[in-house]
Amino acid sequence: MRLRYLFGDVWVGLRRNMSMAISVILVTMISLFLLGLGLLAQRQADVMKGYWYDRVQVSIFLCSNKSTQGNCLGHAVTEDQKANIRSQLGDLRPLVKEVFYESPQEAYDRFREQFKDTPLAGNIKVGDIPQSYRVQLSDPAKYEVVASTFENAPGVSMVQDQKKVLDKLFAILNKFTQYAVGLAVIMVICAVLLMATTIRQAAFSRRREIGIMRLVGASNMAIRLPFILETVIAALVGAGLALGLLTIGVRALVGDSGSQLAQALNQATIGLSDVWRLAPILGGTAAALAIVTATITLWRYLRV
Amino acid sequence: MIRFENVTKSYPRSNRPALDDVSLEIERGQFVFVVGPSGSGKSTLLRLVIREEPTTSGSVLVAGHDLGNLPPRKVPRLRRQIGTVFQDFRLLPNKTVAQNVAFALQVLGKPNRAIRMLVPETLELVGLEGKGRRMPHELSGGEQQRVAIARAVVNKPPILLADEPTGNLDPATSLDIVKLLASINTQHGTTVIMATHDNVIVDELQRRVIELDNGLVVRDEEQGSYVPRPTEVSTDPAPSPDEDDLWANPDPDWTEDVVRGDD
């Protein structure tokens, strides 16, 4: 079958079945948009992990004479105890990458800087936040090693892992991904069923042509190819629109580096390049769905 | 060219076979009428030749190939060797006459150059020169059937099947169409098998006649007529009348019974 004739046939088919083609385009667009949204949420989680895991620290808060947690019992940490903690941290290298000491004054200054525009800043005095060792780990997932070493150690009031706070955020992003992908799967099923119905309707509306094609000895591929191509084209247009929607969404939320979300996440956000990286995945998924659905449907309804 | 060897074809929800142990042979270049009443198996015979249906038992051989052993992917190749014409023309209403004929070549992937040459040539062959731009609804029934014939022969198939091609036409046009089929048969050596129950054209052309009845070949004669000649009338005892057939000749004994009344 000649290409010009084939594409002419495909164009006529799409034009004749325009409303069904539009419905395939829209349903594919929504399913792939949701799939893309899920994948982008996962990518966002990865970007944030990459950014924050390098910065998260384990804080070993030391006893002050107000501390009641751990072994403190109202006694401030001694210099011997601090030296002991430092030496134990030294023993934990290379897991322990860096250790910073934060004095009560430094802790007070940092708190005031962080919460300078809030009423909290005025309610705190030097010494309210205890002195601490800020420990940066080479592998933040191995927090438990540090925690088990220093929890209940002499002079330690408590060990706090910032990663745990972040993990809550990642858990939310993971749930969002699961939800979006779950919805996408349902929409993909809708898309597949709609494609199958569309193909059947198209085949029915062209039964006379198909009958003649079979009689004159057109090959199976020549009979089926226009239907497959029509479905693939509609699905690819849907994938293109889904990409467009994702681009608009990402640009609106984080594309501008001055946006609130980008600032809130310290610029650790996905960008348009991440959306474009989805193009082959969404396009490939659309084409694969269309080809498989069309082939199976036509195999059942257009036997020679 | 075409051979049926003890072919039986039964359809699922039918209590008698459409073809019952049929054996026949049609030589290359022959023109054959297949006659018989509706439901006698004429169309089934043609459908088996193009492998539209598989046989229930027996073999159909076309050009030496047993269609029972033909893999599905080779069926299109078989059909390219066979042109088919139907009673209802089966033209594409949204295409012109020339486009209808060209369609058969386009779907086979023939180059445009060949299509541009073959289509006018074939339209001339069927007597439709100058009418290539007309739409099917602008043509008479006879002309539409000529378009269908042009589409069937444009690829120059060695076999042409015609399933009651004159069923929708008046007697004069029917004769023209059959003469066209006969001329294609003569000029190009195309084997033509035509299913019909038009007695006038069968009697006019005097070609081979295969008569089917209830799926059985009841007559096969060279240069036959629609009904057997008087000398060939079967001497078998007359079949018993069908009690449900109100138009059958009344049983003389039965009328006698009525006249005399039951004792």
# chains A, B, ... in the order shown; residues from 1 in each chain; ligands from 1
>>> select_by_dssp(residues="region 72-122 of chain B", states="helix (DSSP H, G or I)", output="number ranges by chain")
B: 72-79, 97-106, 112-122
>>> write_last_selection(atoms="N, CA and C atoms", output="PDB file, in the first residue's frame")
ATOM      1  N   PRO B  72      -3.811 -18.906   6.625  1.00  0.00           N
ATOM      2  CA  PRO B  72      -4.588 -17.663   6.507  1.00  0.00           C
ATOM      3  C   PRO B  72      -3.813 -16.513   5.862  1.00  0.00           C
ATOM      4  N   ARG B  73      -2.495 -16.452   6.116  1.00  0.00           N
ATOM      5  CA  ARG B  73      -1.749 -15.319   5.560  1.00  0.00           C
ATOM      6  C   ARG B  73      -1.648 -15.384   4.034  1.00  0.00           C
ATOM      7  N   LYS B  74      -1.915 -16.605   3.476  1.00  0.00           N
ATOM      8  CA  LYS B  74      -1.827 -16.728   2.014  1.00  0.00           C
ATOM      9  C   LYS B  74      -3.179 -16.545   1.336  1.00  0.00           C
ATOM     10  N   VAL B  75      -4.240 -16.399   2.147  1.00  0.00           N
ATOM     11  CA  VAL B  75      -5.581 -16.234   1.562  1.00  0.00           C
ATOM     12  C   VAL B  75      -5.657 -14.976   0.687  1.00  0.00           C
ATOM     13  N   PRO B  76      -5.122 -13.815   1.140  1.00  0.00           N
ATOM     14  CA  PRO B  76      -5.182 -12.632   0.265  1.00  0.00           C
ATOM     15  C   PRO B  76      -4.551 -12.881  -1.103  1.00  0.00           C
ATOM     16  N   ARG B  77      -3.450 -13.639  -1.125  1.00  0.00           N
ATOM     17  CA  ARG B  77      -2.784 -13.905  -2.405  1.00  0.00           C
ATOM     18  C   ARG B  77      -3.714 -14.710  -3.320  1.00  0.00           C
ATOM     19  N   LEU B  78      -4.459 -15.654  -2.716  1.00  0.00           N
ATOM     20  CA  LEU B  78      -5.426 -16.440  -3.498  1.00  0.00           C
ATOM     21  C   LEU B  78      -6.482 -15.504  -4.088  1.00  0.00           C
ATOM     22  N   ARG B  79      -6.968 -14.587  -3.238  1.00  0.00           N
ATOM     23  CA  ARG B  79      -8.081 -13.731  -3.674  1.00  0.00           C
ATOM     24  C   ARG B  79      -7.652 -12.744  -4.753  1.00  0.00           C
ATOM     25  N   VAL B  97     -16.617   6.529 -10.298  1.00  0.00           N
ATOM     26  CA  VAL B  97     -16.475   5.248 -11.005  1.00  0.00           C
ATOM     27  C   VAL B  97     -14.998   4.853 -11.086  1.00  0.00           C
ATOM     28  N   ALA B  98     -14.164   5.805 -11.540  1.00  0.00           N
ATOM     29  CA  ALA B  98     -12.731   5.507 -11.705  1.00  0.00           C
ATOM     30  C   ALA B  98     -12.095   5.189 -10.354  1.00  0.00           C
ATOM     31  N   GLN B  99     -12.490   5.934  -9.315  1.00  0.00           N
ATOM     32  CA  GLN B  99     -11.904   5.684  -7.978  1.00  0.00           C
ATOM     33  C   GLN B  99     -12.320   4.320  -7.443  1.00  0.00           C
ATOM     34  N   ASN B 100     -13.570   3.914  -7.753  1.00  0.00           N
ATOM     35  CA  ASN B 100     -14.020   2.589  -7.331  1.00  0.00           C
ATOM     36  C   ASN B 100     -13.161   1.503  -7.950  1.00  0.00           C
ATOM     37  N   VAL B 101     -12.858   1.681  -9.223  1.00  0.00           N
ATOM     38  CA  VAL B 101     -12.054   0.667  -9.913  1.00  0.00           C
ATOM     39  C   VAL B 101     -10.603   0.734  -9.412  1.00  0.00           C
ATOM     40  N   ALA B 102     -10.116   1.979  -9.233  1.00  0.00           N
ATOM     41  CA  ALA B 102      -8.729   2.150  -8.781  1.00  0.00           C
ATOM     42  C   ALA B 102      -8.527   1.596  -7.369  1.00  0.00           C
ATOM     43  N   PHE B 103      -9.606   1.645  -6.556  1.00  0.00           N
ATOM     44  CA  PHE B 103      -9.516   1.193  -5.161  1.00  0.00           C
ATOM     45  C   PHE B 103      -8.935  -0.229  -5.063  1.00  0.00           C
ATOM     46  N   ALA B 104      -9.393  -1.092  -5.991  1.00  0.00           N
ATOM     47  CA  ALA B 104      -8.936  -2.486  -5.963  1.00  0.00           C
ATOM     48  C   ALA B 104      -7.426  -2.581  -6.171  1.00  0.00           C
ATOM     49  N   LEU B 105      -6.876  -1.630  -6.929  1.00  0.00           N
ATOM     50  CA  LEU B 105      -5.434  -1.649  -7.183  1.00  0.00           C
ATOM     51  C   LEU B 105      -4.673  -0.941  -6.067  1.00  0.00           C
ATOM     52  N   GLN B 106      -5.260   0.160  -5.569  1.00  0.00           N
ATOM     53  CA  GLN B 106      -4.577   0.939  -4.518  1.00  0.00           C
ATOM     54  C   GLN B 106      -4.349   0.093  -3.270  1.00  0.00           C
ATOM     55  N   ASN B 112       1.001   4.191  -8.876  1.00  0.00           N
ATOM     56  CA  ASN B 112       0.041   5.116  -9.491  1.00  0.00           C
ATOM     57  C   ASN B 112       0.081   5.057 -11.012  1.00  0.00           C
ATOM     58  N   ARG B 113       1.286   4.881 -11.536  1.00  0.00           N
ATOM     59  CA  ARG B 113       1.440   4.854 -13.000  1.00  0.00           C
ATOM     60  C   ARG B 113       0.604   3.701 -13.577  1.00  0.00           C
ATOM     61  N   ALA B 114       0.711   2.543 -12.953  1.00  0.00           N
ATOM     62  CA  ALA B 114      -0.042   1.371 -13.421  1.00  0.00           C
ATOM     63  C   ALA B 114      -1.536   1.621 -13.267  1.00  0.00           C
ATOM     64  N   ILE B 115      -1.922   2.265 -12.156  1.00  0.00           N
ATOM     65  CA  ILE B 115      -3.349   2.518 -11.913  1.00  0.00           C
ATOM     66  C   ILE B 115      -3.897   3.459 -12.987  1.00  0.00           C
ATOM     67  N   ARG B 116      -3.107   4.503 -13.296  1.00  0.00           N
ATOM     68  CA  ARG B 116      -3.559   5.478 -14.305  1.00  0.00           C
ATOM     69  C   ARG B 116      -3.730   4.826 -15.685  1.00  0.00           C
ATOM     70  N   MET B 117      -2.988   3.765 -15.913  1.00  0.00           N
ATOM     71  CA  MET B 117      -3.083   3.092 -17.205  1.00  0.00           C
ATOM     72  C   MET B 117      -4.217   2.053 -17.205  1.00  0.00           C
ATOM     73  N   LEU B 118      -4.289   1.287 -16.123  1.00  0.00           N
ATOM     74  CA  LEU B 118      -5.223   0.153 -16.097  1.00  0.00           C
ATOM     75  C   LEU B 118      -6.684   0.579 -15.965  1.00  0.00           C
ATOM     76  N   VAL B 119      -6.936   1.641 -15.182  1.00  0.00           N
ATOM     77  CA  VAL B 119      -8.334   1.996 -14.906  1.00  0.00           C
ATOM     78  C   VAL B 119      -9.073   2.413 -16.184  1.00  0.00           C
ATOM     79  N   PRO B 120      -8.546   3.364 -16.991  1.00  0.00           N
ATOM     80  CA  PRO B 120      -9.288   3.721 -18.216  1.00  0.00           C
ATOM     81  C   PRO B 120      -9.412   2.545 -19.181  1.00  0.00           C
ATOM     82  N   GLU B 121      -8.359   1.741 -19.221  1.00  0.00           N
ATOM     83  CA  GLU B 121      -8.367   0.566 -20.112  1.00  0.00           C
ATOM     84  C   GLU B 121      -9.503  -0.385 -19.722  1.00  0.00           C
ATOM     85  N   THR B 122      -9.654  -0.597 -18.419  1.00  0.00           N
ATOM     86  CA  THR B 122     -10.687  -1.528 -17.948  1.00  0.00           C
ATOM     87  C   THR B 122     -12.081  -0.914 -18.113  1.00  0.00           C
TER      88      THR B 122
END
>>> residues_around(residues="Pro171 (chain B)", least_positions_apart="5", cutoff="9 Å", atoms="only C-alpha atoms", output="ChimeraX atom specification")
/B:166,176,198,200-201
>>> write_last_selection(atoms="N, CA and C atoms", output="CSV table (one decimal), in the first residue's frame")
chain,number,residue,atom,x,y,z
B,166,THR,N,-27.0,-10.5,-12.3
B,166,THR,CA,-28.2,-9.9,-13.0
B,166,THR,C,-29.4,-9.9,-12.1
B,176,ASP,N,-27.0,-8.0,-21.5
B,176,ASP,CA,-25.8,-7.3,-21.8
B,176,ASP,C,-24.7,-7.6,-20.9
B,198,ASP,N,-31.5,-17.0,-13.7
B,198,ASP,CA,-32.1,-16.3,-14.8
B,198,ASP,C,-32.1,-17.3,-16.0
B,200,VAL,N,-33.4,-17.1,-18.9
B,200,VAL,CA,-33.2,-16.6,-20.3
B,200,VAL,C,-31.7,-16.5,-20.7
B,201,ILE,N,-30.9,-16.0,-19.8
B,201,ILE,CA,-29.5,-15.8,-20.2
B,201,ILE,C,-28.8,-17.2,-20.2
>>> interface_residues(of="chain A", to="chain B", cutoff="10 Å", atoms="only C-alpha atoms", output="list in words")
Met1, Arg2, Leu3, Tyr5, Leu6, Arg206, Arg208, Glu209, Gly211, Ile212, Met213, Arg214, Leu215, Val216, Gly217, Ala218, Ser219, Asn220, Ala222, Ile223, Arg303 and Val304 of chain A
>>> residues_around(residues="Leu35 (chain A)", least_positions_apart="5", cutoff="7 Å", atoms="only C-alpha atoms", output="number ranges by chain")
A: 180-181, 184
>>> write_last_selection(atoms="N, CA and C atoms", output="PDB file, in the first residue's frame")
ATOM      1  N   ALA A 180      -1.787   9.357  42.122  1.00  0.00           N
ATOM      2  CA  ALA A 180      -1.824   9.811  40.726  1.00  0.00           C
ATOM      3  C   ALA A 180      -1.653   8.634  39.777  1.00  0.00           C
ATOM      4  N   VAL A 181      -0.721   7.730  40.101  1.00  0.00           N
ATOM      5  CA  VAL A 181      -0.491   6.583  39.214  1.00  0.00           C
ATOM      6  C   VAL A 181      -1.707   5.653  39.248  1.00  0.00           C
ATOM      7  N   ALA A 184      -4.185   7.153  37.161  1.00  0.00           N
ATOM      8  CA  ALA A 184      -3.729   7.026  35.781  1.00  0.00           C
ATOM      9  C   ALA A 184      -4.042   5.628  35.252  1.00  0.00           C
TER      10      ALA A 184
END
>>> residues_around(residues="region 127-139 of chain A", least_positions_apart="5", cutoff="7 Å", atoms="only C-alpha atoms", output="list in words")
Val56, Gln57, Val58, Ser59, Ile60, Phe61, Leu62, Cys63, Ser64, Leu95, Val96, Lys97, Glu98, Val99, Phe100, Tyr101, Glu102, Ser103, Pro104, Ala107 and Tyr108 of chain A
>>> residues_around(residues="Gly29 (chain B)", least_positions_apart="3", cutoff="8 Å", atoms="only C-alpha atoms", output="VMD selection string")
chain B and resid 185 to 186 189 to 192
>>> write_last_selection(atoms="C-alpha atoms", output="short mmCIF file (atom, residue, chain, number, x, y, z; two decimals), in the first residue's frame")
data_model
loop_
_atom_site.label_atom_id
_atom_site.label_comp_id
_atom_site.auth_asym_id
_atom_site.auth_seq_id
_atom_site.Cartn_x
_atom_site.Cartn_y
_atom_site.Cartn_z
CA ASN B 185 -14.05 -15.03 -20.84
CA THR B 186 -13.36 -15.24 -24.56
CA GLY B 189 -9.32 -16.58 -21.21
CA THR B 190 -10.72 -15.77 -17.77
CA THR B 191 -12.49 -18.68 -16.12
CA VAL B 192 -15.99 -17.41 -15.29
#
>>> residues_around(residues="Glu230 (chain A)", least_positions_apart="6", cutoff="8 Å", atoms="only C-alpha atoms", output="list of chain:residue names")
A:Val10, A:Trp11, A:Gly13, A:Leu14
>>> write_last_selection(atoms="N, CA and C atoms", output="JSON list (two decimals), in the first residue's frame")
[["chain", "number", "residue", "atom", "x", "y", "z"],
["A", 10, "VAL", "N", -6.05, 7.38, 6.23],
["A", 10, "VAL", "CA", -6.04, 7.67, 7.68],
["A", 10, "VAL", "C", -6.72, 9.02, 7.94],
["A", 11, "TRP", "N", -6.41, 10.00, 7.12],
["A", 11, "TRP", "CA", -7.00, 11.33, 7.30],
["A", 11, "TRP", "C", -8.51, 11.28, 7.12],
["A", 13, "GLY", "N", -10.40, 8.69, 7.51],
["A", 13, "GLY", "CA", -10.94, 7.96, 8.66],
["A", 13, "GLY", "C", -11.08, 8.84, 9.88],
["A", 14, "LEU", "N", -10.05, 9.64, 10.16],
["A", 14, "LEU", "CA", -10.08, 10.52, 11.34],
["A", 14, "LEU", "C", -11.18, 11.58, 11.18]]
>>> residues_around(residues="Asn199 (chain B)", least_positions_apart="4", cutoff="12 Å", atoms="only C-alpha atoms", output="short mmCIF file (atom, residue, chain, number, x, y, z; two decimals) with C-alpha atoms, in the first residue's frame")
data_model
loop_
_atom_site.label_atom_id
_atom_site.label_comp_id
_atom_site.auth_asym_id
_atom_site.auth_seq_id
_atom_site.Cartn_x
_atom_site.Cartn_y
_atom_site.Cartn_z
CA PHE B 33 -23.41 -21.33 -15.04
CA VAL B 34 -24.31 -22.64 -11.60
CA VAL B 35 -28.09 -22.83 -11.44
CA GLY B 36 -30.61 -23.98 -8.91
CA PRO B 37 -33.28 -22.59 -6.63
CA GLU B 164 -26.30 -13.58 -9.36
CA THR B 166 -28.16 -9.91 -12.99
CA GLY B 167 -30.48 -10.36 -10.02
CA PRO B 171 -33.86 -8.79 -18.78
CA SER B 174 -29.01 -8.73 -17.78
CA LEU B 175 -28.26 -10.13 -21.17
CA ALA B 195 -24.42 -18.37 -10.15
CA ASP B 203 -30.58 -20.60 -22.44
CA GLU B 204 -29.22 -17.77 -24.61
CA LEU B 205 -25.53 -18.44 -23.95
CA GLN B 206 -25.61 -22.25 -24.08
CA VAL B 209 -24.50 -25.68 -16.65
CA GLU B 211 -27.39 -27.52 -11.42
CA GLY B 224 -26.78 -26.80 -21.22
CA SER B 225 -29.96 -24.88 -20.72
CA TYR B 226 -31.62 -23.67 -17.54
CA VAL B 227 -33.95 -26.64 -17.32
CA PRO B 228 -33.00 -30.11 -18.53
#
>>> atom_distance(atom1="CA of Leu48 (chain B)", atom2="CA of Ile199 (chain A)")
28.9 Å
>>> atom_distance(atom1="CA of Arg200 (chain A)", atom2="CA of Gly182 (chain A)")
27.5 Å
>>> atom_distance(atom1="CA of Ala162 (chain B)", atom2="CA of Phe89 (chain B)")
10.4 Å
>>> select_by_dssp(residues="region 26-203 of chain A", states="strand (DSSP E)", output="PyMOL selection string")
chain A and resi 57-62+96-102+132-137+156-161
